[in-house]
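Enquirer: Quick one: the structure is below, and I'll ask about it shortly.
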Amino acid sequence: EILRNSIRQIHEKNVSSVKTGRIRKQRSTAKYDMDTKREHSPETQRTSKKRSVWPASQRDIIAAREFIERSATSGEKILLVPDRDADGLTGGLQIYKTLLLLGASEDNISIHFVSKGSNIHVESEREVMQKHDPKFVIVVDQGSRMAPPIISPEIPTLIIDHHQSTMFPEKAQILSACMYEPVATSSLLCYVVCKELHPEAQSQIDWLAVIGALGDLGTSLKFEEPFPTELQETCKKYGKKKMSDAVALLNAPRRTPECNTLDAWNCLLTSSSPDFLVNKNEITPVLQECKERTKSELEKWSHVPPKFSKDRRIAVFTITSEYQIHPVIASRWTHLKDAELEMICVANDGYLPNRVHFACRIPRSKKDQGIDLIALLKEYAKVKEDLPERLGDNFARGHKEATGGNVSTEIWQEILECFDMEERKKKEKKIQKNTLLNYFSATK
């Protein structure tokens, strides 16, 4: 009888645990413990890289799941702060959909997009976020740096990111992929976290993860290990062409002078598939119009000739546009070849008044040579002793292979001096001496 009562008590406890989701957490934690032992055992170190830790620390992934579950079931207000590009938007929407599946109310979820040329660490952005009165904050793909709390120390904050950094905002819970090769996009991080939180999550968010990944890593990406291999089927189901079209549409509004990212978010939010987003959504024509305008502006500035540093390691293209097209032009010029060339840099002095926004990429011919653009920029900045201290927090942000930032116009001129740019030689006009008139004069 005692044994029977004990079994009954254990059964009732397990049923209660299923309702509250504790058993799922216990299983996740147990899996982490086993994975940790395997990952650090000598046997595992001799095996294929397929078993290595990816896309981030398993402890941090589990902690992120618990944060999302806790915020969804709290009944409190939640603020999502995704980046404005395809990776950030799709990552943010995966979190949004998962929160709803876990029981959060739509009325309790707010979205904030930073304004043109701004970032989440600016005081004006902090004030706007504070007005939402959130009790939980989830930041996706916004880059990482040492900074004060996103809003305040009292508000639990989760940061999901993949940009290169070893420093993060204070009082925040961090899930970062930047130390785990190959570096996953923020949308893939969100997918790995969210697909385990609800039986219906994976089927609702898989196509979003693919769009975000292709947006950052390009359409040549193959979903082979360590990437989630099930996303290969998602690609086949919708087609990479459709996914690529969706990326272009989602990125278009943020590149325009108006920078109305909300149109892209609403189009994504009200779409059930890439096909619906590209062809059937009533907001799609708005995105298409932004895409066409951006395309026209790109054509205007894509043929500006470069100036080289005297050591030929840097090629600088200067444009003047209110559109955020400098990263696109930098990517387009990566075909440029030169024996010493290591960095393509496109500087846009027209994006915001009195600022120069710049984007840097590695030439295709040097992709596998381990070039670190962030380190390269900082190396040149040291040419002037006091310059590194005056560059600010927006210099050389992002990834080793694709970095950028913005500085004042005066500081940019100093950076160019550090690059030691060559003066472009003016072509002398050749005067044709052997003219028709001279010829007949000579025959007289």
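Simple scheme: letters A, B, ... for chains in structure tokens order, numbers from 1 for residues in each chain, numbers from 1 for ligands in the order shown.
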Considering only C-alpha atoms, return as JSON, numbers by chain whatever protein or nucleic-acid residues lie within 12 Å of A:Ser115, sequence-local ones (same chain, fewer than 6 positions apart) excluded.
Expert: {"A": [81, 83, 84, 121, 122, 124, 125, 126, 128, 129, 254, 257, 258, 259, 260, 261, 262, 352]}
Enquirer: Determine which residues of stretch 74-201 of chain A DSSP labels as helix (DSSP H, G or I) from the backbone of this structure, then write them out as a ChimeraX atom specification.
Expert: /A:86-101,106-108,123-131,186-194,201
Enquirer: Fewer than 3 positions away in the same chain doesn't count, so skip those; otherwise give me all residues within 7 Å of stretch 330-338 of chain A, counting only C-alpha atoms, as a ChimeraX atom specification.
Expert: /A:326-327,341,344-346,359-365
Enquirer: What would the file look like if the residues just selected were written as a compact mmCIF listing (two decimals), in the first residue's frame with N, CA and C atoms?
Expert:
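Done, and the output landed in again_39.txt:
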```
# COMPACT_ATOMS: atom_id res chain seq x y z
N HIS A 326 25.57 51.81 -49.12
CA HIS A 326 27.02 51.60 -49.04
C HIS A 326 27.39 50.14 -48.76
N PRO A 327 26.63 49.38 -47.94
CA PRO A 327 27.00 47.97 -47.77
C PRO A 327 26.81 47.15 -49.05
N LEU A 341 45.60 44.13 -52.19
CA LEU A 341 44.30 44.58 -51.70
C LEU A 341 43.71 43.64 -50.64
N ILE A 344 37.79 46.38 -49.19
CA ILE A 344 36.94 47.28 -49.99
C ILE A 344 36.15 48.13 -49.00
N CYS A 345 36.25 49.43 -49.12
CA CYS A 345 35.56 50.34 -48.19
C CYS A 345 34.71 51.33 -48.98
N VAL A 346 33.42 51.38 -48.70
CA VAL A 346 32.53 52.36 -49.33
C VAL A 346 32.06 53.34 -48.26
N ALA A 359 31.04 51.02 -45.03
CA ALA A 359 30.92 49.56 -45.01
C ALA A 359 32.16 48.97 -45.64
N CYS A 360 32.70 47.92 -45.04
CA CYS A 360 33.94 47.30 -45.51
C CYS A 360 33.73 45.81 -45.76
N ARG A 361 34.33 45.32 -46.84
CA ARG A 361 34.24 43.89 -47.18
C ARG A 361 35.63 43.40 -47.64
N ILE A 362 35.82 42.08 -47.56
CA ILE A 362 37.05 41.45 -48.01
C ILE A 362 36.91 41.09 -49.50
N PRO A 363 37.91 41.36 -50.33
CA PRO A 363 37.85 40.93 -51.74
C PRO A 363 37.67 39.41 -51.83
N ARG A 364 36.94 38.97 -52.82
CA ARG A 364 36.69 37.54 -52.98
C ARG A 364 37.99 36.74 -53.08
N SER A 365 38.97 37.31 -53.74
CA SER A 365 40.23 36.60 -53.94
C SER A 365 41.00 36.40 -52.64
```
Enquirer: Which residue is closest to A:Asn406? Choose from A:Lys242, A:Ser118, A:Pro306, A:Ile138 and count only C-alpha atoms.
Expert: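 Nearest candidate to A:Asn406 out of A:Lys242, A:Ser118, A:Pro306, A:Ile138: A:Ser118.
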Enquirer: Which of these, A:Ala209, A:Ile62, A:Val278, A:Val383, has the shortest distance to A:Glu230 once you count only C-alpha atoms?
Expert: A:Ala209
Enquirer: Could you give me, as a ChimeraX atom specification, the residues within 12 Å of A:Cys418, counting only C-alpha atoms and dropping anything in the same chain fewer than 3 positions from it?
Expert: /A:309-311,314,376-385,387-388,411-415,421-422
Enquirer: Would you export the selected residues with N, CA, C and O atoms as a PDB file, in the first residue's frame, please?
Expert:
```
ATOM      1  N   SER A 309      44.876  53.252 -51.052  1.00  0.00           N
ATOM      2  CA  SER A 309      45.923  53.667 -50.118  1.00  0.00           C
ATOM      3  C   SER A 309      47.273  53.424 -50.808  1.00  0.00           C
ATOM      4  O   SER A 309      47.369  52.597 -51.710  1.00  0.00           O
ATOM      5  N   LYS A 310      48.290  54.129 -50.369  1.00  0.00           N
ATOM      6  CA  LYS A 310      49.589  54.002 -51.035  1.00  0.00           C
ATOM      7  C   LYS A 310      50.166  52.594 -50.926  1.00  0.00           C
ATOM      8  O   LYS A 310      50.922  52.156 -51.791  1.00  0.00           O
ATOM      9  N   ASP A 311      49.787  51.866 -49.858  1.00  0.00           N
ATOM     10  CA  ASP A 311      50.276  50.489 -49.744  1.00  0.00           C
ATOM     11  C   ASP A 311      49.385  49.498 -50.492  1.00  0.00           C
ATOM     12  O   ASP A 311      49.633  48.295 -50.450  1.00  0.00           O
ATOM     13  N   ILE A 314      43.989  49.015 -49.269  1.00  0.00           N
ATOM     14  CA  ILE A 314      42.617  49.521 -49.103  1.00  0.00           C
ATOM     15  C   ILE A 314      42.173  50.251 -50.360  1.00  0.00           C
ATOM     16  O   ILE A 314      42.913  51.078 -50.909  1.00  0.00           O
ATOM     17  N   LEU A 376      42.099  45.404 -38.892  1.00  0.00           N
ATOM     18  CA  LEU A 376      42.784  46.210 -39.902  1.00  0.00           C
ATOM     19  C   LEU A 376      42.448  47.691 -39.748  1.00  0.00           C
ATOM     20  O   LEU A 376      43.333  48.560 -39.798  1.00  0.00           O
ATOM     21  N   LEU A 377      41.159  47.995 -39.541  1.00  0.00           N
ATOM     22  CA  LEU A 377      40.746  49.386 -39.351  1.00  0.00           C
ATOM     23  C   LEU A 377      41.402  49.985 -38.108  1.00  0.00           C
ATOM     24  O   LEU A 377      41.876  51.130 -38.114  1.00  0.00           O
ATOM     25  N   LYS A 378      41.421  49.213 -37.037  1.00  0.00           N
ATOM     26  CA  LYS A 378      42.022  49.711 -35.790  1.00  0.00           C
ATOM     27  C   LYS A 378      43.530  49.885 -35.932  1.00  0.00           C
ATOM     28  O   LYS A 378      44.124  50.790 -35.330  1.00  0.00           O
ATOM     29  N   GLU A 379      44.140  49.028 -36.748  1.00  0.00           N
ATOM     30  CA  GLU A 379      45.576  49.140 -37.006  1.00  0.00           C
ATOM     31  C   GLU A 379      45.909  50.478 -37.665  1.00  0.00           C
ATOM     32  O   GLU A 379      46.850  51.174 -37.260  1.00  0.00           O
ATOM     33  N   TYR A 380      45.138  50.859 -38.682  1.00  0.00           N
ATOM     34  CA  TYR A 380      45.394  52.123 -39.374  1.00  0.00           C
ATOM     35  C   TYR A 380      45.062  53.320 -38.489  1.00  0.00           C
ATOM     36  O   TYR A 380      45.740  54.352 -38.561  1.00  0.00           O
ATOM     37  N   ALA A 381      44.038  53.186 -37.652  1.00  0.00           N
ATOM     38  CA  ALA A 381      43.654  54.306 -36.783  1.00  0.00           C
ATOM     39  C   ALA A 381      44.766  54.660 -35.798  1.00  0.00           C
ATOM     40  O   ALA A 381      44.883  55.815 -35.363  1.00  0.00           O
ATOM     41  N   LYS A 382      45.597  53.690 -35.465  1.00  0.00           N
ATOM     42  CA  LYS A 382      46.678  53.923 -34.503  1.00  0.00           C
ATOM     43  C   LYS A 382      47.804  54.771 -35.077  1.00  0.00           C
ATOM     44  O   LYS A 382      48.720  55.167 -34.343  1.00  0.00           O
ATOM     45  N   VAL A 383      47.754  55.027 -36.391  1.00  0.00           N
ATOM     46  CA  VAL A 383      48.777  55.881 -37.008  1.00  0.00           C
ATOM     47  C   VAL A 383      48.796  57.248 -36.313  1.00  0.00           C
ATOM     48  O   VAL A 383      49.850  57.851 -36.123  1.00  0.00           O
ATOM     49  N   LYS A 384      47.604  57.724 -35.922  1.00  0.00           N
ATOM     50  CA  LYS A 384      47.512  58.955 -35.129  1.00  0.00           C
ATOM     51  C   LYS A 384      47.276  58.550 -33.677  1.00  0.00           C
ATOM     52  O   LYS A 384      46.274  57.904 -33.362  1.00  0.00           O
ATOM     53  N   GLU A 385      48.162  58.927 -32.794  1.00  0.00           N
ATOM     54  CA  GLU A 385      48.161  58.416 -31.434  1.00  0.00           C
ATOM     55  C   GLU A 385      46.849  58.617 -30.699  1.00  0.00           C
ATOM     56  O   GLU A 385      46.368  57.728 -30.004  1.00  0.00           O
ATOM     57  N   LEU A 387      43.846  59.259 -32.047  1.00  0.00           N
ATOM     58  CA  LEU A 387      42.638  59.005 -32.832  1.00  0.00           C
ATOM     59  C   LEU A 387      41.788  57.867 -32.275  1.00  0.00           C
ATOM     60  O   LEU A 387      40.556  58.014 -32.194  1.00  0.00           O
ATOM     61  N   PRO A 388      42.348  56.712 -31.886  1.00  0.00           N
ATOM     62  CA  PRO A 388      41.502  55.625 -31.373  1.00  0.00           C
ATOM     63  C   PRO A 388      40.584  56.050 -30.232  1.00  0.00           C
ATOM     64  O   PRO A 388      39.444  55.565 -30.128  1.00  0.00           O
ATOM     65  N   ILE A 411      36.375  63.348 -38.358  1.00  0.00           N
ATOM     66  CA  ILE A 411      37.106  62.137 -37.985  1.00  0.00           C
ATOM     67  C   ILE A 411      37.396  61.287 -39.222  1.00  0.00           C
ATOM     68  O   ILE A 411      38.478  60.695 -39.353  1.00  0.00           O
ATOM     69  N   TRP A 412      36.444  61.240 -40.164  1.00  0.00           N
ATOM     70  CA  TRP A 412      36.661  60.438 -41.370  1.00  0.00           C
ATOM     71  C   TRP A 412      37.842  60.975 -42.178  1.00  0.00           C
ATOM     72  O   TRP A 412      38.618  60.190 -42.732  1.00  0.00           O
ATOM     73  N   GLN A 413      37.974  62.275 -42.236  1.00  0.00           N
ATOM     74  CA  GLN A 413      39.116  62.840 -42.945  1.00  0.00           C
ATOM     75  C   GLN A 413      40.433  62.422 -42.293  1.00  0.00           C
ATOM     76  O   GLN A 413      41.425  62.154 -42.972  1.00  0.00           O
ATOM     77  N   GLU A 414      40.433  62.324 -40.983  1.00  0.00           N
ATOM     78  CA  GLU A 414      41.630  61.856 -40.273  1.00  0.00           C
ATOM     79  C   GLU A 414      41.905  60.385 -40.564  1.00  0.00           C
ATOM     80  O   GLU A 414      43.059  59.961 -40.675  1.00  0.00           O
ATOM     81  N   ILE A 415      40.833  59.606 -40.672  1.00  0.00           N
ATOM     82  CA  ILE A 415      40.997  58.184 -41.002  1.00  0.00           C
ATOM     83  C   ILE A 415      41.614  58.031 -42.393  1.00  0.00           C
ATOM     84  O   ILE A 415      42.500  57.209 -42.611  1.00  0.00           O
ATOM     85  N   MET A 421      45.998  57.917 -48.578  1.00  0.00           N
ATOM     86  CA  MET A 421      45.434  57.685 -49.900  1.00  0.00           C
ATOM     87  C   MET A 421      46.288  58.297 -51.009  1.00  0.00           C
ATOM     88  O   MET A 421      46.852  59.380 -50.853  1.00  0.00           O
ATOM     89  N   GLU A 422      46.359  57.587 -52.115  1.00  0.00           N
ATOM     90  CA  GLU A 422      47.052  58.107 -53.289  1.00  0.00           C
ATOM     91  C   GLU A 422      46.230  59.211 -53.934  1.00  0.00           C
ATOM     92  O   GLU A 422      45.003  59.154 -53.941  1.00  0.00           O
TER      93      GLU A 422
END
```
Enquirer: I'd like to know which of A:Asp206, A:Glu417, A:Asp349, A:Asp216 is closest to A:Tyr191, using only C-alpha atoms.
Expert: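 Counting only C-alpha atoms, the residue closest to A:Tyr191 is A:Asp206.
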Enquirer: Choose the residue, out of A:Leu269, A:Leu189, A:Leu391, A:Leu208, that has the smallest atom-to-atom separation from A:Thr234; count only C-alpha atoms.
Expert: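 Using only C-alpha atoms, A:Thr234 sits closest to A:Leu208.
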Enquirer: Could you please determine the separation between atom CA of A:Tyr238 and atom CA of A:Leu250 in Å, to one decimal place?
Expert: 16.7 Å
Enquirer: Pick out each residue of stretch 38-210 of chain A that DSSP on the backbone tags as strand (DSSP E or B); I need them as a list in words.
Expert: Ile78, Leu79, Leu80, Val81, Pro82, Ile109, Ser110, Ile111, Phe136, Val137, Ile138, Val139, Val140, Ala147, Thr157, Leu158, Ile159, Ile160, Asp161, Pro169, Gln173, Ile174, Leu175 and Ser176 of chain A
Enquirer: Considering only C-alpha atoms, state which residue in the set A:Ile325, A:Ala246, A:Cys235, A:Met179 is at the smallest distance from A:Arg293.
Expert: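 Among the listed residues, A:Ile325 lies closest to A:Arg293.
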Enquirer: Using only C-alpha atoms, which of A:Ala201, A:Leu298, A:Val328, A:Cys178 sits nearest A:His163?
Expert: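 Comparing A:Ala201, A:Leu298, A:Val328, A:Cys178 against A:His163, the winner is A:Cys178.
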